[in-house]
$ cat model-v6.csv   # CSV, C-alpha atoms and all ligand atoms
chain,number,residue,atom,x,y,z
A,1,MET,CA,-65.4,-34.1,-117.1
A,2,GLU,CA,-65.0,-30.4,-116.5
A,3,ASN,CA,-67.0,-29.2,-119.5
A,4,GLU,CA,-69.7,-31.9,-119.3
A,5,LYS,CA,-72.5,-29.5,-118.4
A,6,LYS,CA,-71.8,-27.5,-121.6
A,7,GLU,CA,-72.1,-30.5,-123.8
A,8,VAL,CA,-75.7,-30.6,-125.2
A,9,PRO,CA,-76.2,-33.8,-127.0
A,10,SER,CA,-78.1,-33.6,-130.3
A,11,PRO,CA,-81.7,-34.3,-129.6
A,12,SER,CA,-81.6,-36.7,-132.5
A,13,LYS,CA,-79.3,-38.9,-130.6
A,14,GLY,CA,-82.2,-39.9,-128.4
A,15,LEU,CA,-85.8,-40.8,-129.1
A,16,LEU,CA,-87.2,-38.7,-126.3
A,17,GLN,CA,-89.4,-35.8,-127.3
A,18,SER,CA,-87.5,-33.3,-125.1
A,19,PRO,CA,-83.8,-32.8,-125.4
A,20,GLU,CA,-83.9,-31.5,-121.8
A,21,LEU,CA,-85.2,-34.9,-120.6
A,22,TYR,CA,-82.5,-36.7,-122.4
A,23,GLN,CA,-79.9,-34.4,-120.9
A,24,TYR,CA,-81.4,-35.1,-117.5
A,25,ILE,CA,-81.0,-38.8,-117.9
A,26,LEU,CA,-77.4,-38.4,-119.0
A,27,GLU,CA,-76.5,-36.0,-116.1
A,28,SER,CA,-78.4,-37.7,-113.4
A,29,SER,CA,-77.7,-41.3,-114.1
A,30,VAL,CA,-75.3,-42.0,-116.9
A,31,TYR,CA,-72.4,-39.5,-116.7
A,32,PRO,CA,-71.9,-39.8,-112.9
A,33,ASN,CA,-71.0,-43.5,-113.3
A,34,GLU,CA,-69.4,-43.4,-116.8
A,35,PRO,CA,-65.7,-44.5,-116.5
A,36,GLU,CA,-63.2,-41.8,-117.3
A,37,PRO,CA,-61.7,-43.6,-120.4
A,38,LEU,CA,-65.2,-43.6,-122.0
A,39,LYS,CA,-65.6,-39.9,-121.4
A,40,GLU,CA,-62.2,-39.5,-123.1
A,41,LEU,CA,-63.2,-41.7,-126.0
A,42,ARG,CA,-66.4,-39.6,-126.5
A,43,ALA,CA,-64.3,-36.4,-126.5
A,44,VAL,CA,-61.8,-37.7,-129.2
A,45,THR,CA,-64.7,-39.0,-131.3
A,46,ALA,CA,-66.6,-35.7,-131.1
A,47,SER,CA,-64.6,-34.1,-133.9
A,48,HIS,CA,-65.0,-37.0,-136.3
A,49,PRO,CA,-67.4,-36.3,-139.2
A,50,TRP,CA,-69.4,-39.4,-138.3
A,51,ALA,CA,-69.3,-38.9,-134.5
A,52,LEU,CA,-73.1,-39.4,-134.4
A,53,MET,CA,-72.5,-43.2,-135.1
A,54,GLY,CA,-71.0,-43.8,-131.7
A,55,THR,CA,-73.1,-45.8,-129.4
A,56,ALA,CA,-75.1,-43.5,-127.1
A,57,PRO,CA,-73.8,-43.3,-123.5
A,58,ASP,CA,-77.1,-44.4,-122.0
A,59,ALA,CA,-77.2,-47.4,-124.4
A,60,GLY,CA,-73.6,-48.2,-123.3
A,61,GLN,CA,-74.7,-48.2,-119.7
A,62,MET,CA,-77.4,-50.7,-120.5
A,63,MET,CA,-74.8,-52.9,-122.3
A,64,SER,CA,-72.7,-53.0,-119.1
A,65,MET,CA,-75.8,-54.1,-117.1
A,66,LEU,CA,-76.5,-56.9,-119.5
A,67,LEU,CA,-72.9,-58.0,-119.7
A,68,ARG,CA,-72.8,-58.3,-115.9
A,69,LEU,CA,-76.2,-60.0,-115.7
A,70,VAL,CA,-75.0,-62.8,-117.9
A,71,GLU,CA,-71.5,-62.8,-116.5
A,72,ALA,CA,-70.2,-62.4,-120.0
A,73,LYS,CA,-66.6,-63.6,-120.8
A,74,LYS,CA,-66.7,-64.5,-124.5
A,75,THR,CA,-68.2,-61.8,-126.6
A,76,ILE,CA,-68.3,-60.5,-130.2
A,77,GLU,CA,-69.0,-57.0,-131.6
A,78,ILE,CA,-69.9,-56.2,-135.1
A,79,GLY,CA,-69.3,-52.5,-135.9
A,80,VAL,CA,-66.6,-50.9,-133.8
A,81,PHE,CA,-66.0,-47.4,-135.3
A,82,THR,CA,-63.8,-45.5,-132.7
A,83,GLY,CA,-64.6,-48.1,-130.0
A,84,TYR,CA,-67.1,-46.6,-127.5
A,85,SER,CA,-69.2,-49.8,-127.2
A,86,LEU,CA,-66.1,-51.9,-127.4
A,87,LEU,CA,-64.4,-50.1,-124.6
A,88,ARG,CA,-67.6,-50.3,-122.6
A,89,THR,CA,-67.5,-54.1,-123.0
A,90,ALA,CA,-63.8,-54.4,-122.4
A,91,LEU,CA,-64.1,-52.4,-119.1
A,92,THR,CA,-67.0,-54.6,-118.0
A,93,ILE,CA,-66.0,-58.1,-118.7
A,94,PRO,CA,-63.4,-59.8,-116.4
A,95,ASP,CA,-59.7,-59.7,-117.0
A,96,ASP,CA,-59.6,-63.0,-118.8
A,97,GLY,CA,-62.7,-62.1,-120.9
A,98,LYS,CA,-62.4,-61.9,-124.7
A,99,ILE,CA,-64.0,-59.8,-127.4
A,100,ILE,CA,-63.8,-60.5,-131.1
A,101,ALA,CA,-64.3,-57.0,-132.6
A,102,VAL,CA,-65.0,-56.7,-136.3
A,103,ASP,CA,-65.0,-53.7,-138.5
A,104,ILE,CA,-63.9,-52.9,-142.1
A,105,ASP,CA,-62.5,-49.5,-140.9
A,106,LEU,CA,-59.2,-49.8,-139.1
A,107,ASN,CA,-58.6,-46.0,-139.2
A,108,ALA,CA,-61.5,-45.2,-136.9
A,109,TYR,CA,-60.5,-48.0,-134.5
A,110,GLU,CA,-57.0,-46.4,-134.3
A,111,ILE,CA,-58.6,-43.2,-133.0
A,112,GLY,CA,-59.8,-44.9,-129.9
A,113,LEU,CA,-57.0,-47.4,-129.6
A,114,PRO,CA,-54.6,-45.2,-127.5
A,115,ILE,CA,-57.4,-44.8,-124.9
A,116,ILE,CA,-58.1,-48.5,-124.9
A,117,ARG,CA,-54.4,-49.2,-124.3
A,118,LYS,CA,-54.2,-46.6,-121.5
A,119,ALA,CA,-57.3,-48.2,-119.9
A,120,GLY,CA,-55.3,-51.5,-119.7
A,121,VAL,CA,-57.9,-53.6,-121.6
A,122,GLU,CA,-56.3,-54.1,-125.0
A,123,HIS,CA,-55.4,-57.7,-124.1
A,124,LYS,CA,-59.1,-58.6,-124.1
A,125,ILE,CA,-59.6,-57.4,-127.7
A,126,ASN,CA,-59.0,-59.3,-130.9
A,127,PHE,CA,-59.7,-56.6,-133.6
A,128,VAL,CA,-60.4,-58.1,-137.0
A,129,GLN,CA,-60.4,-55.7,-139.9
A,130,SER,CA,-63.0,-57.4,-142.2
A,131,GLU,CA,-66.5,-57.6,-143.5
A,132,ALA,CA,-68.4,-59.2,-140.7
A,133,LEU,CA,-70.2,-62.0,-142.5
A,134,PRO,CA,-67.1,-64.0,-143.5
A,135,VAL,CA,-65.8,-63.7,-139.9
A,136,LEU,CA,-69.0,-65.2,-138.6
A,137,ASP,CA,-69.0,-67.9,-141.2
A,138,LYS,CA,-65.4,-68.8,-140.3
A,139,LEU,CA,-66.2,-69.0,-136.6
A,140,LEU,CA,-69.1,-71.4,-137.5
A,141,GLU,CA,-66.6,-73.7,-139.3
A,142,THR,CA,-65.3,-74.7,-135.9
A,143,SER,CA,-67.9,-76.6,-134.1
A,144,GLU,CA,-66.6,-75.6,-130.6
A,145,ASN,CA,-67.6,-72.1,-131.3
A,146,GLU,CA,-71.3,-73.0,-131.6
A,147,GLY,CA,-73.2,-72.2,-128.5
A,148,SER,CA,-70.1,-70.7,-126.9
A,149,PHE,CA,-70.6,-66.9,-126.9
A,150,ASP,CA,-72.2,-65.1,-123.9
A,151,PHE,CA,-72.9,-61.8,-125.6
A,152,ALA,CA,-72.9,-60.2,-129.0
A,153,TYR,CA,-73.4,-56.5,-130.0
A,154,VAL,CA,-74.4,-55.6,-133.6
A,155,ASP,CA,-74.0,-52.0,-134.8
A,156,ALA,CA,-72.8,-52.1,-138.4
A,157,ASP,CA,-74.5,-52.1,-141.8
A,158,LYS,CA,-78.2,-52.4,-140.9
A,159,ILE,CA,-79.2,-54.2,-144.1
A,160,ASN,CA,-77.3,-57.3,-143.0
A,161,ASN,CA,-78.9,-57.6,-139.5
A,162,LEU,CA,-80.9,-60.7,-140.5
A,163,ASN,CA,-77.7,-62.4,-141.9
A,164,TYR,CA,-75.9,-61.6,-138.7
A,165,HIS,CA,-78.8,-62.8,-136.6
A,166,GLU,CA,-78.9,-66.3,-138.2
A,167,ARG,CA,-75.2,-66.8,-137.6
A,168,LEU,CA,-75.1,-65.2,-134.1
A,169,ILE,CA,-78.0,-67.3,-132.8
A,170,LYS,CA,-75.9,-70.4,-133.5
A,171,LEU,CA,-72.8,-68.9,-131.9
A,172,LEU,CA,-74.6,-67.8,-128.7
A,173,LYS,CA,-75.0,-70.0,-125.7
A,174,VAL,CA,-78.6,-70.8,-124.7
A,175,GLY,CA,-79.2,-67.9,-122.3
A,176,GLY,CA,-76.7,-65.7,-124.2
A,177,ILE,CA,-77.7,-62.3,-125.4
A,178,VAL,CA,-77.4,-60.4,-128.7
A,179,VAL,CA,-78.2,-56.7,-128.8
A,180,TYR,CA,-79.0,-54.8,-132.0
A,181,ASP,CA,-78.6,-51.1,-132.2
A,182,ASN,CA,-80.7,-48.6,-134.2
A,183,THR,CA,-83.8,-50.8,-134.4
A,184,LEU,CA,-86.0,-47.7,-134.3
A,185,TRP,CA,-83.8,-45.9,-137.0
A,186,ARG,CA,-84.5,-42.4,-135.7
A,187,GLY,CA,-88.1,-43.1,-135.2
A,188,THR,CA,-88.6,-43.6,-139.0
A,189,VAL,CA,-89.9,-47.2,-138.5
A,190,ALA,CA,-93.2,-45.7,-137.3
A,191,MET,CA,-93.4,-42.9,-139.9
A,192,PRO,CA,-95.4,-42.9,-143.1
A,193,GLU,CA,-92.9,-43.6,-145.9
A,194,GLU,CA,-93.6,-40.2,-147.5
A,195,HIS,CA,-92.4,-38.4,-144.4
A,196,VAL,CA,-89.0,-40.2,-144.4
A,197,ALA,CA,-85.9,-38.6,-145.9
A,198,GLU,CA,-84.7,-40.4,-149.0
A,199,ASP,CA,-81.4,-41.4,-147.5
A,200,ARG,CA,-83.1,-43.1,-144.6
A,201,LYS,CA,-85.6,-45.2,-146.6
A,202,THR,CA,-83.5,-48.3,-147.2
A,203,ASN,CA,-82.4,-48.8,-143.6
A,204,ARG,CA,-85.9,-48.0,-142.4
A,205,HIS,CA,-87.3,-50.8,-144.6
A,206,SER,CA,-84.6,-53.2,-143.4
A,207,MET,CA,-85.3,-52.4,-139.8
A,208,ILE,CA,-89.1,-52.8,-140.2
A,209,GLU,CA,-88.5,-56.3,-141.7
A,210,PHE,CA,-85.9,-57.2,-139.2
A,211,ASN,CA,-88.1,-56.1,-136.2
A,212,LYS,CA,-91.0,-58.2,-137.7
A,213,PHE,CA,-88.7,-61.2,-138.0
A,214,LEU,CA,-87.3,-60.9,-134.4
A,215,ALA,CA,-90.9,-60.7,-133.0
A,216,SER,CA,-91.7,-64.0,-134.7
A,217,ASP,CA,-88.5,-65.9,-133.9
A,218,SER,CA,-89.4,-68.5,-131.3
A,219,ARG,CA,-85.7,-69.2,-130.6
A,220,ILE,CA,-85.4,-65.9,-128.7
A,221,GLN,CA,-87.0,-63.7,-126.1
A,222,ILE,CA,-86.9,-60.0,-127.1
A,223,CYS,CA,-87.2,-56.6,-125.6
A,224,LEU,CA,-87.0,-53.4,-127.8
A,225,ALA,CA,-85.6,-50.8,-125.3
A,226,PRO,CA,-86.3,-47.3,-126.5
A,227,LEU,CA,-83.0,-45.8,-125.6
A,228,GLY,CA,-80.2,-44.6,-127.9
A,229,ASP,CA,-81.6,-45.2,-131.3
A,230,GLY,CA,-83.6,-48.2,-130.2
A,231,MET,CA,-81.8,-51.3,-128.8
A,232,THR,CA,-83.3,-54.7,-129.2
A,233,ILE,CA,-82.2,-57.2,-126.7
A,234,CYS,CA,-82.5,-60.9,-127.7
A,235,ARG,CA,-81.9,-63.8,-125.3
A,236,ARG,CA,-81.4,-67.2,-126.9
A,237,LEU,CA,-84.1,-69.6,-125.5
A,238,ILE,CA,-83.3,-72.8,-127.3
B,301,LIG,C1,-72.5,-47.2,-136.1
B,301,LIG,S1,-70.8,-47.5,-136.4
B,301,LIG,C2,-70.4,-48.5,-134.9
B,301,LIG,C3,-70.4,-47.7,-133.7
B,301,LIG,C4,-69.7,-48.3,-132.5
B,301,LIG,N1,-70.5,-49.4,-132.0
B,301,LIG,C5,-69.5,-47.3,-131.4
B,301,LIG,O1,-69.9,-47.5,-130.3
B,301,LIG,O2,-68.8,-46.3,-131.6
B,301,LIG,C6,-70.9,-48.7,-137.6
B,301,LIG,C7,-69.5,-49.3,-138.0
B,301,LIG,O3,-69.8,-50.5,-138.8
B,301,LIG,C8,-68.8,-50.7,-139.7
B,301,LIG,N2,-69.3,-51.5,-140.8
B,301,LIG,C9,-70.2,-51.2,-141.7
B,301,LIG,N3,-70.5,-52.3,-142.5
B,301,LIG,C10,-69.7,-53.3,-142.1
B,301,LIG,C11,-69.5,-54.6,-142.5
B,301,LIG,N4,-70.2,-55.2,-143.5
B,301,LIG,N5,-68.7,-55.4,-141.8
B,301,LIG,C12,-68.0,-54.9,-140.7
B,301,LIG,N6,-68.1,-53.6,-140.3
B,301,LIG,C13,-69.0,-52.8,-141.0
B,301,LIG,C14,-68.4,-49.3,-140.1
B,301,LIG,O4,-67.1,-49.2,-140.7
B,301,LIG,C15,-68.6,-48.5,-138.8
B,301,LIG,O5,-67.4,-48.3,-138.2
B,302,LIG,O1,-76.1,-42.3,-139.4
B,302,LIG,C1,-75.8,-43.5,-139.0
B,302,LIG,C2,-75.4,-44.4,-140.0
B,302,LIG,C3,-75.0,-45.7,-139.6
B,302,LIG,C4,-74.6,-46.6,-140.5
B,302,LIG,C5,-75.1,-46.7,-141.8
B,302,LIG,C6,-74.7,-47.6,-142.7
B,302,LIG,C7,-73.7,-48.5,-142.4
B,302,LIG,O2,-73.2,-49.4,-143.3
B,302,LIG,C8,-73.1,-48.5,-141.1
B,302,LIG,C9,-73.6,-47.5,-140.2
B,302,LIG,O3,-75.1,-46.0,-138.3
B,302,LIG,C10,-75.6,-45.2,-137.3
B,302,LIG,C11,-75.6,-45.6,-136.0
B,302,LIG,O4,-75.3,-46.8,-135.6
B,302,LIG,C12,-76.1,-44.7,-135.0
B,302,LIG,O5,-76.2,-45.1,-133.7
B,302,LIG,C13,-76.5,-43.4,-135.4
B,302,LIG,C14,-76.4,-43.0,-136.7
B,302,LIG,C15,-75.9,-43.9,-137.7
$ encode --input "model-v6.csv" --output "structure tokens"
Amino acid sequence: MENEKKEVPSPSKGLLQSPELYQYILESSVYPNEPEPLKELRAVTASHPWALMGTAPDAGQMMSMLLRLVEAKKTIEIGVFTGYSLLRTALTIPDDGKIIAVDIDLNAYEIGLPIIRKAGVEHKINFVQSEALPVLDKLLETSENEGSFDFAYVDADKINNLNYHERLIKLLKVGGIVVYDNTLWRGTVAMPEEHVAEDRKTNRHSMIEFNKFLASDSRIQICLAPLGDGMTICRRLI
């Protein structure tokens, strides 16, 4: 992208202390290999009032790595917004791969949809406009769906993570991966409560409880990667 150098991502997008170091990571290792449609999607999302919600490009790069490592074909995403992480997934999985993409907000998805179409990957996506929990419950009504998903990505309402986890663990194959975004919630999980802004307290509390739960869940192997806003990678063991 021509104006890439001028784009200084908000330091709050990353957890690193120095914005320059984050910029270095993006310019040296993420942007050079970021497919053009993803750059375009970032550009059209930039003017959205909630642009900050889009998955960070470095986190998206790691998603691609994980998707390739497990040779993902059947995937599910909870929380689509304008579609950055969805397009990442769609560009990474094979041509006959499938993504169930769930979001209550169709308008945001429609911002990214023309770019998804132009990239030639719309056929891999089944967008479902809905609350996520009923969609997961419906999938679990069909026994063939159990243990059938290679990969899941969760980036929606943070207070429901535990509910999503209980369902996704059943839907994932043994060896399959679920990634949760925002597990460090802007670093607030490690701050004293009194230093945390009022509007971040509920999600901070949910994340602390969720992180505790994941660490004690013997069904999974976990790794909390400190990139983006904190990405916890869980691999189903049993
Ligand atoms: C952080 S954004 C997702 C960002 C997206 N992964 C990306 O890369 O751009 C969170 C999204 O979750 C959706 N959401 C929130 N609560 C939800 C729920 N209960 N069920 C489904 N989607 C929900 C919101 O509408 C919003 O689009
Ligand atoms: O600032 C946010 C807010 C959210 C968010 C909050 C509540 C919901 O029901 C859904 C989403 O998500 C974010 C996010 O995923 C991110 O990477 C950065 C900021 C925010």
$ residues_near_ligand --input "model-v6.csv" --ligand "ligand LIG 301 (chain B)" --cutoff "10 Å" --atoms "only C-alpha atoms and all ligand atoms" --output "PDB file with C-alpha atoms, in the coordinates of the input"
ATOM      1  CA  LEU A  41     -63.200 -41.700-126.000  1.00  0.00           C
ATOM      2  CA  ARG A  42     -66.400 -39.600-126.500  1.00  0.00           C
ATOM      3  CA  THR A  45     -64.700 -39.000-131.300  1.00  0.00           C
ATOM      4  CA  TRP A  50     -69.400 -39.400-138.300  1.00  0.00           C
ATOM      5  CA  ALA A  51     -69.300 -38.900-134.500  1.00  0.00           C
ATOM      6  CA  LEU A  52     -73.100 -39.400-134.400  1.00  0.00           C
ATOM      7  CA  MET A  53     -72.500 -43.200-135.100  1.00  0.00           C
ATOM      8  CA  GLY A  54     -71.000 -43.800-131.700  1.00  0.00           C
ATOM      9  CA  THR A  55     -73.100 -45.800-129.400  1.00  0.00           C
ATOM     10  CA  ALA A  56     -75.100 -43.500-127.100  1.00  0.00           C
ATOM     11  CA  PRO A  57     -73.800 -43.300-123.500  1.00  0.00           C
ATOM     12  CA  ALA A  59     -77.200 -47.400-124.400  1.00  0.00           C
ATOM     13  CA  GLY A  60     -73.600 -48.200-123.300  1.00  0.00           C
ATOM     14  CA  GLU A  77     -69.000 -57.000-131.600  1.00  0.00           C
ATOM     15  CA  ILE A  78     -69.900 -56.200-135.100  1.00  0.00           C
ATOM     16  CA  GLY A  79     -69.300 -52.500-135.900  1.00  0.00           C
ATOM     17  CA  VAL A  80     -66.600 -50.900-133.800  1.00  0.00           C
ATOM     18  CA  PHE A  81     -66.000 -47.400-135.300  1.00  0.00           C
ATOM     19  CA  THR A  82     -63.800 -45.500-132.700  1.00  0.00           C
ATOM     20  CA  GLY A  83     -64.600 -48.100-130.000  1.00  0.00           C
ATOM     21  CA  TYR A  84     -67.100 -46.600-127.500  1.00  0.00           C
ATOM     22  CA  SER A  85     -69.200 -49.800-127.200  1.00  0.00           C
ATOM     23  CA  LEU A  86     -66.100 -51.900-127.400  1.00  0.00           C
ATOM     24  CA  LEU A  87     -64.400 -50.100-124.600  1.00  0.00           C
ATOM     25  CA  ARG A  88     -67.600 -50.300-122.600  1.00  0.00           C
ATOM     26  CA  ALA A 101     -64.300 -57.000-132.600  1.00  0.00           C
ATOM     27  CA  VAL A 102     -65.000 -56.700-136.300  1.00  0.00           C
ATOM     28  CA  ASP A 103     -65.000 -53.700-138.500  1.00  0.00           C
ATOM     29  CA  ILE A 104     -63.900 -52.900-142.100  1.00  0.00           C
ATOM     30  CA  ASP A 105     -62.500 -49.500-140.900  1.00  0.00           C
ATOM     31  CA  LEU A 106     -59.200 -49.800-139.100  1.00  0.00           C
ATOM     32  CA  ASN A 107     -58.600 -46.000-139.200  1.00  0.00           C
ATOM     33  CA  ALA A 108     -61.500 -45.200-136.900  1.00  0.00           C
ATOM     34  CA  TYR A 109     -60.500 -48.000-134.500  1.00  0.00           C
ATOM     35  CA  GLY A 112     -59.800 -44.900-129.900  1.00  0.00           C
ATOM     36  CA  VAL A 128     -60.400 -58.100-137.000  1.00  0.00           C
ATOM     37  CA  GLN A 129     -60.400 -55.700-139.900  1.00  0.00           C
ATOM     38  CA  SER A 130     -63.000 -57.400-142.200  1.00  0.00           C
ATOM     39  CA  GLU A 131     -66.500 -57.600-143.500  1.00  0.00           C
ATOM     40  CA  ALA A 132     -68.400 -59.200-140.700  1.00  0.00           C
ATOM     41  CA  LEU A 133     -70.200 -62.000-142.500  1.00  0.00           C
ATOM     42  CA  PRO A 134     -67.100 -64.000-143.500  1.00  0.00           C
ATOM     43  CA  VAL A 135     -65.800 -63.700-139.900  1.00  0.00           C
ATOM     44  CA  TYR A 153     -73.400 -56.500-130.000  1.00  0.00           C
ATOM     45  CA  VAL A 154     -74.400 -55.600-133.600  1.00  0.00           C
ATOM     46  CA  ASP A 155     -74.000 -52.000-134.800  1.00  0.00           C
ATOM     47  CA  ALA A 156     -72.800 -52.100-138.400  1.00  0.00           C
ATOM     48  CA  ASP A 157     -74.500 -52.100-141.800  1.00  0.00           C
ATOM     49  CA  LYS A 158     -78.200 -52.400-140.900  1.00  0.00           C
ATOM     50  CA  ILE A 159     -79.200 -54.200-144.100  1.00  0.00           C
ATOM     51  CA  ASN A 160     -77.300 -57.300-143.000  1.00  0.00           C
ATOM     52  CA  ASN A 161     -78.900 -57.600-139.500  1.00  0.00           C
ATOM     53  CA  TYR A 164     -75.900 -61.600-138.700  1.00  0.00           C
ATOM     54  CA  ASP A 181     -78.600 -51.100-132.200  1.00  0.00           C
ATOM     55  CA  ASN A 182     -80.700 -48.600-134.200  1.00  0.00           C
TER      56      ASN A 182
END
$ residues_around --input "model-v6.csv" --residues "Phe149 of chain A" --least-positions-apart "3" --cutoff "10 Å" --atoms "all atoms listed in the file" --output "JSON, numbers by chain"
{"A": [72, 73, 74, 75, 76, 98, 99, 145, 146, 152, 168, 169, 170, 171, 172, 173, 174, 175, 176, 177, 178]}
$ atom_distance --input "model-v6.csv" --atom1 "atom CA of Ala197 of chain A" --atom2 "atom CA of Ala46 of chain A"
24.5 Å
$ atom_distance --input "model-v6.csv" --atom1 "atom CA of Ala190 of chain A" --atom2 "atom C15 of ligand LIG 302 (chain B)"
17.4 Å
$ closest_residue --input "model-v6.csv" --among "A:Glu36, A:Asp199, A:Glu122, A:Glu209" --to "ligand LIG 302 (chain B)" --atoms "only C-alpha atoms and all ligand atoms"
A:Asp199
$ closest_residue --input "model-v6.csv" --among "A:Arg236, A:Phe127, A:Leu214, A:Glu166" --to "Leu140 of chain A" --atoms "only C-alpha atoms"
A:Glu166
$ atom_distance --input "model-v6.csv" --atom1 "atom CA of Thr92 of chain A" --atom2 "atom CA of Ser64 of chain A"
6.0 Å
$ closest_residue --input "model-v6.csv" --among "A:Gly97, A:Pro49, A:Pro192, A:Gly147" --to "ligand LIG 302 (chain B)" --atoms "all atoms listed in the file"
A:Pro49
$ residues_near_point --input "model-v6.csv" --point "(-80.3, -43.9, -132.4)" --cutoff "9 Å" --atoms "all atoms listed in the file" --output "PDB file with C-alpha atoms, in the frame of the given file"
ATOM      1  CA  SER A  12     -81.600 -36.700-132.500  1.00  0.00           C
ATOM      2  CA  LYS A  13     -79.300 -38.900-130.600  1.00  0.00           C
ATOM      3  CA  GLY A  14     -82.200 -39.900-128.400  1.00  0.00           C
ATOM      4  CA  LEU A  15     -85.800 -40.800-129.100  1.00  0.00           C
ATOM      5  CA  LEU A  52     -73.100 -39.400-134.400  1.00  0.00           C
ATOM      6  CA  MET A  53     -72.500 -43.200-135.100  1.00  0.00           C
ATOM      7  CA  THR A  55     -73.100 -45.800-129.400  1.00  0.00           C
ATOM      8  CA  ALA A  56     -75.100 -43.500-127.100  1.00  0.00           C
ATOM      9  CA  ASP A 181     -78.600 -51.100-132.200  1.00  0.00           C
ATOM     10  CA  ASN A 182     -80.700 -48.600-134.200  1.00  0.00           C
ATOM     11  CA  THR A 183     -83.800 -50.800-134.400  1.00  0.00           C
ATOM     12  CA  LEU A 184     -86.000 -47.700-134.300  1.00  0.00           C
ATOM     13  CA  TRP A 185     -83.800 -45.900-137.000  1.00  0.00           C
ATOM     14  CA  ARG A 186     -84.500 -42.400-135.700  1.00  0.00           C
ATOM     15  CA  GLY A 187     -88.100 -43.100-135.200  1.00  0.00           C
ATOM     16  CA  LEU A 227     -83.000 -45.800-125.600  1.00  0.00           C
ATOM     17  CA  GLY A 228     -80.200 -44.600-127.900  1.00  0.00           C
ATOM     18  CA  ASP A 229     -81.600 -45.200-131.300  1.00  0.00           C
ATOM     19  CA  GLY A 230     -83.600 -48.200-130.200  1.00  0.00           C
ATOM     20  CA  MET A 231     -81.800 -51.300-128.800  1.00  0.00           C
TER      21      MET A 231
END
$ closest_residue --input "model-v6.csv" --among "A:Gln61, A:Gln17, A:Asn126, A:Thr232" --to "Asn33 of chain A" --atoms "only C-alpha atoms"
A:Gln61
$ closest_residue --input "model-v6.csv" --among "A:Pro114, A:Ser148, A:Leu67, A:Asp58" --to "ligand LIG 302 (chain B)" --atoms "only C-alpha atoms and all ligand atoms"
A:Asp58
$ closest_residue --input "model-v6.csv" --among "A:Met207, A:Met63, A:Leu162, A:Leu91" --to "Val121 of chain A" --atoms "only C-alpha atoms"
A:Leu91
